[in-house]
$ cat coords_26.csv   # CSV, C-alpha atoms
chain,number,residue,atom,x,y,z
A,1,ASP,CA,3.4,-1.6,-24.3
A,2,GLN,CA,1.7,-5.0,-24.6
A,3,GLN,CA,2.4,-6.5,-28.0
A,4,VAL,CA,0.5,-9.7,-27.4
A,5,LYS,CA,-3.0,-9.4,-25.8
A,6,GLN,CA,-5.3,-12.0,-24.4
A,7,ASN,CA,-8.4,-9.9,-23.5
A,8,SER,CA,-10.3,-12.7,-21.7
A,9,PRO,CA,-8.7,-13.5,-18.3
A,10,SER,CA,-11.0,-16.5,-18.0
A,11,LEU,CA,-13.3,-18.8,-20.0
A,12,SER,CA,-15.7,-21.5,-18.8
A,13,VAL,CA,-17.1,-24.2,-21.0
A,14,GLN,CA,-19.0,-27.5,-20.7
A,15,GLU,CA,-17.3,-30.8,-21.3
A,16,GLY,CA,-17.7,-31.9,-24.9
A,17,ARG,CA,-18.3,-28.3,-26.2
A,18,ILE,CA,-15.8,-26.2,-28.1
A,19,SER,CA,-13.4,-23.8,-26.3
A,20,ILE,CA,-12.2,-20.8,-28.3
A,21,LEU,CA,-9.3,-18.8,-26.9
A,22,ASN,CA,-8.4,-15.5,-28.6
A,23,CYS,CA,-5.2,-13.5,-29.0
A,24,ASP,CA,-4.4,-10.2,-30.7
A,25,TYR,CA,-1.0,-8.8,-31.5
A,26,THR,CA,0.3,-5.4,-32.6
A,27,ASN,CA,3.8,-6.1,-33.9
A,28,SER,CA,3.7,-6.7,-37.6
A,29,MET,CA,7.2,-8.3,-37.5
A,30,PHE,CA,5.9,-11.3,-35.6
A,31,ASP,CA,6.0,-14.3,-38.0
A,32,TYR,CA,5.6,-17.3,-35.7
A,33,PHE,CA,2.9,-17.9,-33.2
A,34,LEU,CA,2.5,-20.5,-30.4
A,35,TRP,CA,0.1,-21.6,-27.8
A,36,TYR,CA,1.3,-22.9,-24.4
A,37,LYS,CA,-0.7,-24.6,-21.7
A,38,LYS,CA,0.3,-24.2,-18.0
A,39,TYR,CA,-0.9,-26.0,-14.9
A,40,PRO,CA,-0.3,-24.5,-11.5
A,41,ALA,CA,3.3,-24.9,-10.2
A,42,GLU,CA,4.5,-26.2,-13.5
A,43,GLY,CA,6.2,-24.5,-16.5
A,44,PRO,CA,4.4,-23.8,-19.8
A,45,THR,CA,4.0,-26.8,-22.1
A,46,PHE,CA,4.1,-26.2,-25.9
A,47,LEU,CA,0.7,-27.1,-27.5
A,48,ILE,CA,0.6,-26.0,-31.1
A,49,SER,CA,2.2,-23.4,-33.4
A,50,ILE,CA,1.6,-21.6,-36.7
A,51,SER,CA,3.8,-19.8,-39.1
A,52,SER,CA,2.7,-16.5,-40.6
A,53,ILE,CA,2.6,-18.1,-44.1
A,54,LYS,CA,-0.3,-20.3,-43.0
A,55,ASP,CA,-3.8,-19.5,-41.8
A,56,LYS,CA,-4.6,-22.8,-40.1
A,57,ASN,CA,-2.8,-25.6,-38.3
A,58,GLU,CA,-4.5,-28.6,-36.8
A,59,ASP,CA,-3.2,-31.2,-34.3
A,60,GLY,CA,-5.8,-33.6,-32.9
A,61,ARG,CA,-8.4,-31.7,-30.9
A,62,PHE,CA,-6.4,-28.4,-31.2
A,63,THR,CA,-6.6,-26.0,-34.1
A,64,VAL,CA,-5.0,-22.6,-34.4
A,65,PHE,CA,-6.3,-20.0,-36.8
A,66,LEU,CA,-4.3,-17.0,-37.9
A,67,ASN,CA,-5.8,-13.8,-39.4
A,68,LYS,CA,-2.8,-11.7,-40.4
A,69,SER,CA,-4.8,-8.7,-41.7
A,70,ALA,CA,-6.6,-8.5,-38.3
A,71,LYS,CA,-3.5,-9.4,-36.3
A,72,HIS,CA,-5.6,-12.0,-34.6
A,73,LEU,CA,-5.2,-15.7,-33.8
A,74,SER,CA,-7.4,-18.2,-32.0
A,75,LEU,CA,-7.1,-21.6,-30.5
A,76,HIS,CA,-10.0,-24.0,-30.8
A,77,ILE,CA,-10.3,-27.1,-28.6
A,78,VAL,CA,-12.9,-29.6,-29.6
A,79,PRO,CA,-14.2,-31.5,-27.8
A,80,SER,CA,-13.2,-29.9,-24.5
A,81,GLN,CA,-12.2,-32.2,-21.7
A,82,PRO,CA,-11.9,-31.5,-17.9
A,83,GLY,CA,-8.1,-32.2,-18.2
A,84,ASP,CA,-7.9,-29.2,-20.5
A,85,SER,CA,-8.5,-26.9,-17.6
A,86,ALA,CA,-5.4,-24.8,-17.3
A,87,VAL,CA,-4.0,-21.3,-18.2
A,88,TYR,CA,-3.4,-20.9,-21.9
A,89,PHE,CA,-0.7,-18.5,-23.1
A,90,CYS,CA,-0.5,-17.1,-26.6
A,91,ALA,CA,3.1,-16.3,-27.6
A,92,ALA,CA,4.7,-14.7,-30.7
A,93,SER,CA,8.2,-14.3,-32.1
A,94,ALA,CA,10.0,-12.5,-34.8
A,95,LYS,CA,13.1,-13.6,-36.6
A,96,SER,CA,16.2,-12.4,-34.9
A,97,GLY,CA,19.7,-13.4,-36.1
A,98,GLY,CA,18.0,-15.9,-38.4
A,99,SER,CA,16.1,-17.6,-35.6
A,100,ASN,CA,12.8,-17.2,-33.9
A,101,TYR,CA,13.9,-17.6,-30.3
A,102,LYS,CA,12.5,-14.6,-28.3
A,103,LEU,CA,9.0,-15.3,-27.2
A,104,THR,CA,6.6,-12.5,-26.3
A,105,PHE,CA,3.7,-13.8,-24.2
A,106,GLY,CA,0.2,-12.6,-23.5
A,107,LYS,CA,-1.1,-12.6,-19.9
A,108,GLY,CA,-3.0,-15.8,-20.3
A,109,THR,CA,-6.6,-17.1,-20.2
A,110,LEU,CA,-7.7,-19.5,-17.5
A,111,LEU,CA,-9.9,-22.1,-19.1
A,112,THR,CA,-12.2,-24.2,-16.9
A,113,VAL,CA,-13.9,-27.2,-18.5
A,114,ASN,CA,-16.9,-28.3,-16.4
A,115,PRO,CA,-17.9,-32.0,-16.3
B,1,ASN,CA,14.8,-38.5,-20.4
B,2,ALA,CA,14.8,-35.8,-17.7
B,3,GLY,CA,13.2,-32.5,-18.6
B,4,VAL,CA,14.5,-29.0,-17.7
B,5,MET,CA,15.4,-28.9,-14.0
B,6,GLN,CA,15.3,-25.7,-11.9
B,7,ASN,CA,16.3,-25.3,-8.3
B,8,PRO,CA,15.4,-24.2,-5.9
B,9,ARG,CA,11.6,-24.4,-6.6
B,10,HIS,CA,11.0,-21.8,-3.9
B,11,LEU,CA,13.4,-19.2,-2.6
B,12,VAL,CA,12.8,-16.6,0.1
B,13,ARG,CA,15.2,-13.7,0.4
B,14,ARG,CA,15.3,-10.5,2.5
B,15,ARG,CA,15.7,-7.2,0.8
B,16,GLY,CA,19.4,-6.6,0.0
B,17,GLN,CA,20.4,-10.3,-0.2
B,18,GLU,CA,21.5,-12.2,-3.3
B,19,ALA,CA,19.4,-14.7,-5.1
B,20,ARG,CA,20.9,-17.5,-7.3
B,21,LEU,CA,18.6,-19.5,-9.5
B,22,ARG,CA,19.9,-22.6,-11.3
B,23,CYS,CA,18.8,-24.3,-14.5
B,24,SER,CA,19.9,-27.6,-15.9
B,25,PRO,CA,18.8,-27.9,-19.5
B,26,MET,CA,17.5,-31.1,-21.1
B,27,LYS,CA,20.1,-33.6,-22.2
B,28,GLY,CA,21.5,-32.6,-25.6
B,29,HIS,CA,20.3,-29.0,-25.3
B,30,SER,CA,22.9,-26.3,-25.5
B,31,HIS,CA,20.7,-23.2,-25.5
B,32,VAL,CA,19.1,-21.7,-22.4
B,33,TYR,CA,16.6,-18.9,-22.1
B,34,TRP,CA,15.4,-17.2,-18.9
B,35,TYR,CA,11.9,-15.7,-18.6
B,36,ARG,CA,10.3,-13.8,-15.7
B,37,GLN,CA,6.6,-13.8,-14.8
B,38,LEU,CA,5.4,-11.1,-12.5
B,39,PRO,CA,2.0,-11.6,-10.7
B,40,GLU,CA,-0.9,-11.3,-13.1
B,41,GLU,CA,1.4,-11.0,-16.1
B,42,GLY,CA,2.7,-13.1,-19.0
B,43,LEU,CA,6.2,-14.4,-19.2
B,44,LYS,CA,8.8,-11.9,-20.3
B,45,PHE,CA,12.0,-12.8,-22.0
B,46,MET,CA,15.2,-11.9,-20.1
B,47,VAL,CA,18.2,-13.5,-21.7
B,48,TYR,CA,19.4,-16.2,-24.2
B,49,LEU,CA,22.6,-18.0,-23.6
B,50,GLN,CA,24.7,-20.7,-25.2
B,51,LYS,CA,27.6,-22.4,-23.5
B,52,GLU,CA,29.9,-19.7,-22.3
B,53,ASN,CA,28.2,-17.0,-24.4
B,54,ILE,CA,25.4,-14.5,-23.8
B,55,ILE,CA,23.6,-14.2,-27.1
B,56,ASP,CA,20.8,-11.8,-26.3
B,57,GLU,CA,20.3,-10.0,-22.9
B,58,SER,CA,17.9,-7.4,-24.1
B,59,GLY,CA,15.3,-8.3,-21.5
B,60,MET,CA,17.6,-8.1,-18.5
B,61,PRO,CA,17.4,-5.2,-16.1
B,62,LYS,CA,20.5,-3.1,-16.5
B,63,GLU,CA,21.6,-3.4,-12.9
B,64,ARG,CA,21.7,-6.2,-10.3
B,65,PHE,CA,20.9,-9.0,-12.7
B,66,SER,CA,23.4,-11.3,-14.4
B,67,ALA,CA,23.3,-14.7,-16.1
B,68,GLU,CA,25.9,-17.2,-17.1
B,69,PHE,CA,26.0,-20.7,-18.7
B,70,PRO,CA,29.4,-22.1,-18.1
B,71,LYS,CA,31.0,-24.9,-20.0
B,72,GLU,CA,30.3,-27.3,-17.2
B,73,GLY,CA,27.3,-27.1,-14.8
B,74,PRO,CA,24.0,-25.4,-14.8
B,75,SER,CA,23.0,-22.0,-16.0
B,76,ILE,CA,22.8,-19.4,-13.2
B,77,LEU,CA,20.6,-16.4,-13.0
B,78,ARG,CA,21.9,-14.1,-10.3
B,79,ILE,CA,20.1,-11.2,-8.7
B,80,GLN,CA,22.1,-9.0,-6.4
B,81,GLN,CA,20.6,-6.8,-3.6
B,82,VAL,CA,17.1,-8.1,-4.2
B,83,VAL,CA,14.1,-5.7,-3.8
B,84,ARG,CA,10.4,-6.5,-3.3
B,85,GLY,CA,9.8,-5.9,-7.0
B,86,ASP,CA,12.0,-8.9,-7.9
B,87,SER,CA,9.4,-11.2,-6.4
B,88,ALA,CA,8.2,-13.3,-9.4
B,89,ALA,CA,8.4,-16.7,-11.0
B,90,TYR,CA,11.5,-17.3,-13.0
B,91,PHE,CA,11.3,-19.8,-15.7
B,92,CYS,CA,14.2,-21.4,-17.6
B,93,ALA,CA,13.8,-23.0,-21.0
B,94,SER,CA,16.2,-25.0,-23.1
B,95,SER,CA,16.4,-25.9,-26.8
B,96,PRO,CA,18.6,-27.9,-29.1
B,97,PRO,CA,21.1,-26.0,-31.2
B,98,SER,CA,18.6,-25.0,-33.8
B,99,GLY,CA,17.1,-22.5,-31.2
B,100,THR,CA,13.7,-22.5,-32.8
B,101,ALA,CA,10.9,-21.0,-30.6
B,102,TYR,CA,8.7,-24.1,-30.7
B,103,GLU,CA,11.5,-26.3,-29.5
B,104,GLN,CA,11.9,-24.4,-26.2
B,105,TYR,CA,11.1,-26.7,-23.3
B,106,PHE,CA,10.3,-25.0,-20.0
B,107,GLY,CA,11.3,-26.0,-16.5
B,108,PRO,CA,8.9,-25.8,-13.5
B,109,GLY,CA,10.2,-22.4,-12.4
B,110,THR,CA,11.6,-20.9,-9.3
B,111,ARG,CA,9.3,-18.7,-7.2
B,112,LEU,CA,11.3,-16.0,-5.6
B,113,THR,CA,9.8,-14.1,-2.7
B,114,VAL,CA,11.5,-11.0,-1.3
B,115,THR,CA,10.5,-10.1,2.2
$ encode --input "coords_26.csv" --output "structure tokens"
Amino acid sequence: DQQVKQNSPSLSVQEGRISILNCDYTNSMFDYFLWYKKYPAEGPTFLISISSIKDKNEDGRFTVFLNKSAKHLSLHIVPSQPGDSAVYFCAASAKSGGSNYKLTFGKGTLLTVNP
Amino acid sequence: NAGVMQNPRHLVRRRGQEARLRCSPMKGHSHVYWYRQLPEEGLKFMVYLQKENIIDESGMPKERFSAEFPKEGPSILRIQQVVRGDSAAYFCASSPPSGTAYEQYFGPGTRLTVT
């Protein structure tokens, strides 16, 4: 039972354009959402997060949007750069024992940014 | 400031042998998390440990798997009598005492291959 779904295994965009990565979730108890970036042979690196009390969070070229009613979030990267080429994981957590520590990951989307 | 360290990076074991995976958290971090990534899957939570305590092992298989985080030394994930299905990438993450999801820093992973 996959609680966090990334339905696009891959995405290819041109340098300078916008990349939009999507993520859907089913567990209504999730109240914190994160995006991680992963290069081959490395561990995931935290990119950006959003609490369920917000619908948007922005950090430089990265913006995460949350639509709670649709149980959907997206990551926008603009402008996209070749160095952004990596696998992007969507993750979610629910409070447990007063803390959001247990991450549930999607399967990832491979983003390729072409020069 | 060294990041999370995992060793070995690659481990090959024959069926029935034992595998020991080590994780040294970032300096100042007292919380350790283990995740497993099977081929073509996202990372799945296994266990959350603090020094000398297992806080949440809800993601650990009931048999053959154990984890510890002693007062001194690295955290150890131990897999006894490995089977081919244990072949995966095992990632360790650490966080400061607050234990918040976005503060988890991941190591580069150990790739276990069972032949």
$ residues_around --input "coords_26.csv" --residues "Gln17 (chain B)" --least-positions-apart "3" --cutoff "10 Å" --atoms "only C-alpha atoms" --output "list of chain:residue names"
B:Val12, B:Arg13, B:Arg14, B:Ile79, B:Gln80, B:Gln81, B:Val82, B:Val83, B:Val114
$ interface_residues --input "coords_26.csv" --of "chain A" --to "chain B" --cutoff "10 Å" --atoms "only C-alpha atoms" --output "PyMOL selection string"
chain A and resi 2+4-6+9+32-36+38-50+89-108
$ write_last_selection --input "coords_26.csv" --atoms "C-alpha atoms" --output "short mmCIF file (atom, residue, chain, number, x, y, z; two decimals), in the coordinates of the input"
data_model
loop_
_atom_site.label_atom_id
_atom_site.label_comp_id
_atom_site.auth_asym_id
_atom_site.auth_seq_id
_atom_site.Cartn_x
_atom_site.Cartn_y
_atom_site.Cartn_z
CA GLN A 2 1.70 -5.00 -24.60
CA VAL A 4 0.50 -9.70 -27.40
CA LYS A 5 -3.00 -9.40 -25.80
CA GLN A 6 -5.30 -12.00 -24.40
CA PRO A 9 -8.70 -13.50 -18.30
CA TYR A 32 5.60 -17.30 -35.70
CA PHE A 33 2.90 -17.90 -33.20
CA LEU A 34 2.50 -20.50 -30.40
CA TRP A 35 0.10 -21.60 -27.80
CA TYR A 36 1.30 -22.90 -24.40
CA LYS A 38 0.30 -24.20 -18.00
CA TYR A 39 -0.90 -26.00 -14.90
CA PRO A 40 -0.30 -24.50 -11.50
CA ALA A 41 3.30 -24.90 -10.20
CA GLU A 42 4.50 -26.20 -13.50
CA GLY A 43 6.20 -24.50 -16.50
CA PRO A 44 4.40 -23.80 -19.80
CA THR A 45 4.00 -26.80 -22.10
CA PHE A 46 4.10 -26.20 -25.90
CA LEU A 47 0.70 -27.10 -27.50
CA ILE A 48 0.60 -26.00 -31.10
CA SER A 49 2.20 -23.40 -33.40
CA ILE A 50 1.60 -21.60 -36.70
CA PHE A 89 -0.70 -18.50 -23.10
CA CYS A 90 -0.50 -17.10 -26.60
CA ALA A 91 3.10 -16.30 -27.60
CA ALA A 92 4.70 -14.70 -30.70
CA SER A 93 8.20 -14.30 -32.10
CA ALA A 94 10.00 -12.50 -34.80
CA LYS A 95 13.10 -13.60 -36.60
CA SER A 96 16.20 -12.40 -34.90
CA GLY A 97 19.70 -13.40 -36.10
CA GLY A 98 18.00 -15.90 -38.40
CA SER A 99 16.10 -17.60 -35.60
CA ASN A 100 12.80 -17.20 -33.90
CA TYR A 101 13.90 -17.60 -30.30
CA LYS A 102 12.50 -14.60 -28.30
CA LEU A 103 9.00 -15.30 -27.20
CA THR A 104 6.60 -12.50 -26.30
CA PHE A 105 3.70 -13.80 -24.20
CA GLY A 106 0.20 -12.60 -23.50
CA LYS A 107 -1.10 -12.60 -19.90
CA GLY A 108 -3.00 -15.80 -20.30
#
$ atom_distance --input "coords_26.csv" --atom1 "CA of Gly83 (chain A)" --atom2 "CA of Gly60 (chain A)"
14.9 Å
$ atom_distance --input "coords_26.csv" --atom1 "CA of Asp86 (chain B)" --atom2 "CA of Gln50 (chain B)"
24.5 Å
$ residues_around --input "coords_26.csv" --residues "Ala70 (chain A)" --least-positions-apart "4" --cutoff "9 Å" --atoms "only C-alpha atoms" --output "ChimeraX atom specification"
/A:24-25,66
$ residues_around --input "coords_26.csv" --residues "His29 (chain B)" --least-positions-apart "2" --cutoff "7 Å" --atoms "only C-alpha atoms" --output "JSON, numbers by chain"
{"B": [25, 26, 27, 31, 94, 95, 96, 97]}
$ atom_distance --input "coords_26.csv" --atom1 "CA of Pro8 (chain B)" --atom2 "CA of Leu49 (chain B)"
20.1 Å
$ closest_residue --input "coords_26.csv" --among "A:Ser85, A:Ser80, A:Lys71, A:Arg61" --to "Met29 (chain A)" --atoms "all atoms listed in the file"
A:Lys71
$ decode --input "coords_26.csv" --residues "region 73-101 of chain A" --atoms "N, CA and C atoms" --output "CSV table (one decimal), in the first residue's frame"
chain,number,residue,atom,x,y,z
A,73,LEU,N,1.0,17.5,-3.8
A,73,LEU,CA,2.0,18.5,-3.7
A,73,LEU,C,2.8,18.5,-5.0
A,74,SER,N,3.5,19.6,-5.2
A,74,SER,CA,4.3,19.7,-6.4
A,74,SER,C,5.6,20.6,-6.1
A,75,LEU,N,6.6,20.3,-6.8
A,75,LEU,CA,7.9,21.0,-6.6
A,75,LEU,C,8.1,21.7,-8.0
A,76,HIS,N,8.3,23.0,-7.9
A,76,HIS,CA,8.6,23.8,-9.1
A,76,HIS,C,10.1,24.2,-9.0
A,77,ILE,N,10.8,24.0,-10.1
A,77,ILE,CA,12.2,24.5,-10.2
A,77,ILE,C,12.3,25.4,-11.3
A,78,VAL,N,12.6,26.7,-11.0
A,78,VAL,CA,12.7,27.7,-12.2
A,78,VAL,C,13.7,28.7,-11.9
A,79,PRO,N,14.7,29.0,-12.8
A,79,PRO,CA,14.9,28.2,-14.0
A,79,PRO,C,15.6,26.9,-13.8
A,80,SER,N,15.3,25.9,-14.5
A,80,SER,CA,16.0,24.6,-14.4
A,80,SER,C,17.5,24.7,-14.9
A,81,GLN,N,18.4,24.0,-14.2
A,81,GLN,CA,19.8,24.0,-14.6
A,81,GLN,C,20.3,22.6,-14.8
A,82,PRO,N,21.2,22.4,-15.7
A,82,PRO,CA,21.7,21.0,-15.9
A,82,PRO,C,22.1,20.3,-14.5
A,83,GLY,N,22.7,21.1,-13.6
A,83,GLY,CA,23.1,20.5,-12.3
A,83,GLY,C,21.9,20.0,-11.5
A,84,ASP,N,20.7,20.4,-11.9
A,84,ASP,CA,19.5,19.9,-11.2
A,84,ASP,C,19.1,18.5,-11.6
A,85,SER,N,19.8,17.9,-12.6
A,85,SER,CA,19.5,16.6,-13.0
A,85,SER,C,19.8,15.6,-11.9
A,86,ALA,N,18.8,14.9,-11.5
A,86,ALA,CA,18.9,14.0,-10.3
A,86,ALA,C,17.6,13.3,-10.1
A,87,VAL,N,17.5,12.4,-9.2
A,87,VAL,CA,16.3,11.8,-8.8
A,87,VAL,C,15.7,12.6,-7.6
A,88,TYR,N,14.4,13.0,-7.8
A,88,TYR,CA,13.8,13.7,-6.7
A,88,TYR,C,12.7,12.9,-6.0
A,89,PHE,N,12.9,12.8,-4.7
A,89,PHE,CA,11.9,12.1,-3.9
A,89,PHE,C,11.0,13.0,-3.1
A,90,CYS,N,9.8,12.7,-3.1
A,90,CYS,CA,8.8,13.3,-2.3
A,90,CYS,C,8.7,12.4,-1.0
A,91,ALA,N,8.6,13.1,0.2
A,91,ALA,CA,8.4,12.3,1.4
A,91,ALA,C,7.4,13.0,2.3
A,92,ALA,N,6.8,12.3,3.2
A,92,ALA,CA,5.8,12.8,4.1
A,92,ALA,C,6.0,12.2,5.4
A,93,SER,N,5.5,12.9,6.4
A,93,SER,CA,5.5,12.4,7.8
A,93,SER,C,4.3,12.8,8.6
A,94,ALA,N,4.0,12.0,9.6
A,94,ALA,CA,2.9,12.3,10.5
A,94,ALA,C,3.5,12.4,11.9
A,95,LYS,N,2.9,13.2,12.8
A,95,LYS,CA,3.5,13.3,14.1
A,95,LYS,C,3.3,12.0,14.9
A,96,SER,N,4.4,11.6,15.5
A,96,SER,CA,4.4,10.4,16.3
A,96,SER,C,5.2,10.7,17.5
A,97,GLY,N,4.6,10.5,18.7
A,97,GLY,CA,5.3,10.8,19.9
A,97,GLY,C,5.7,12.3,20.0
A,98,GLY,N,5.0,13.1,19.4
A,98,GLY,CA,5.3,14.6,19.4
A,98,GLY,C,6.3,15.0,18.4
A,99,SER,N,6.7,14.1,17.5
A,99,SER,CA,7.8,14.5,16.6
A,99,SER,C,7.5,13.9,15.2
A,100,ASN,N,7.8,14.6,14.2
A,100,ASN,CA,7.7,14.1,12.8
A,100,ASN,C,9.0,13.5,12.4
A,101,TYR,N,9.3,12.3,12.7
A,101,TYR,CA,10.6,11.7,12.4
A,101,TYR,C,10.5,10.6,11.3
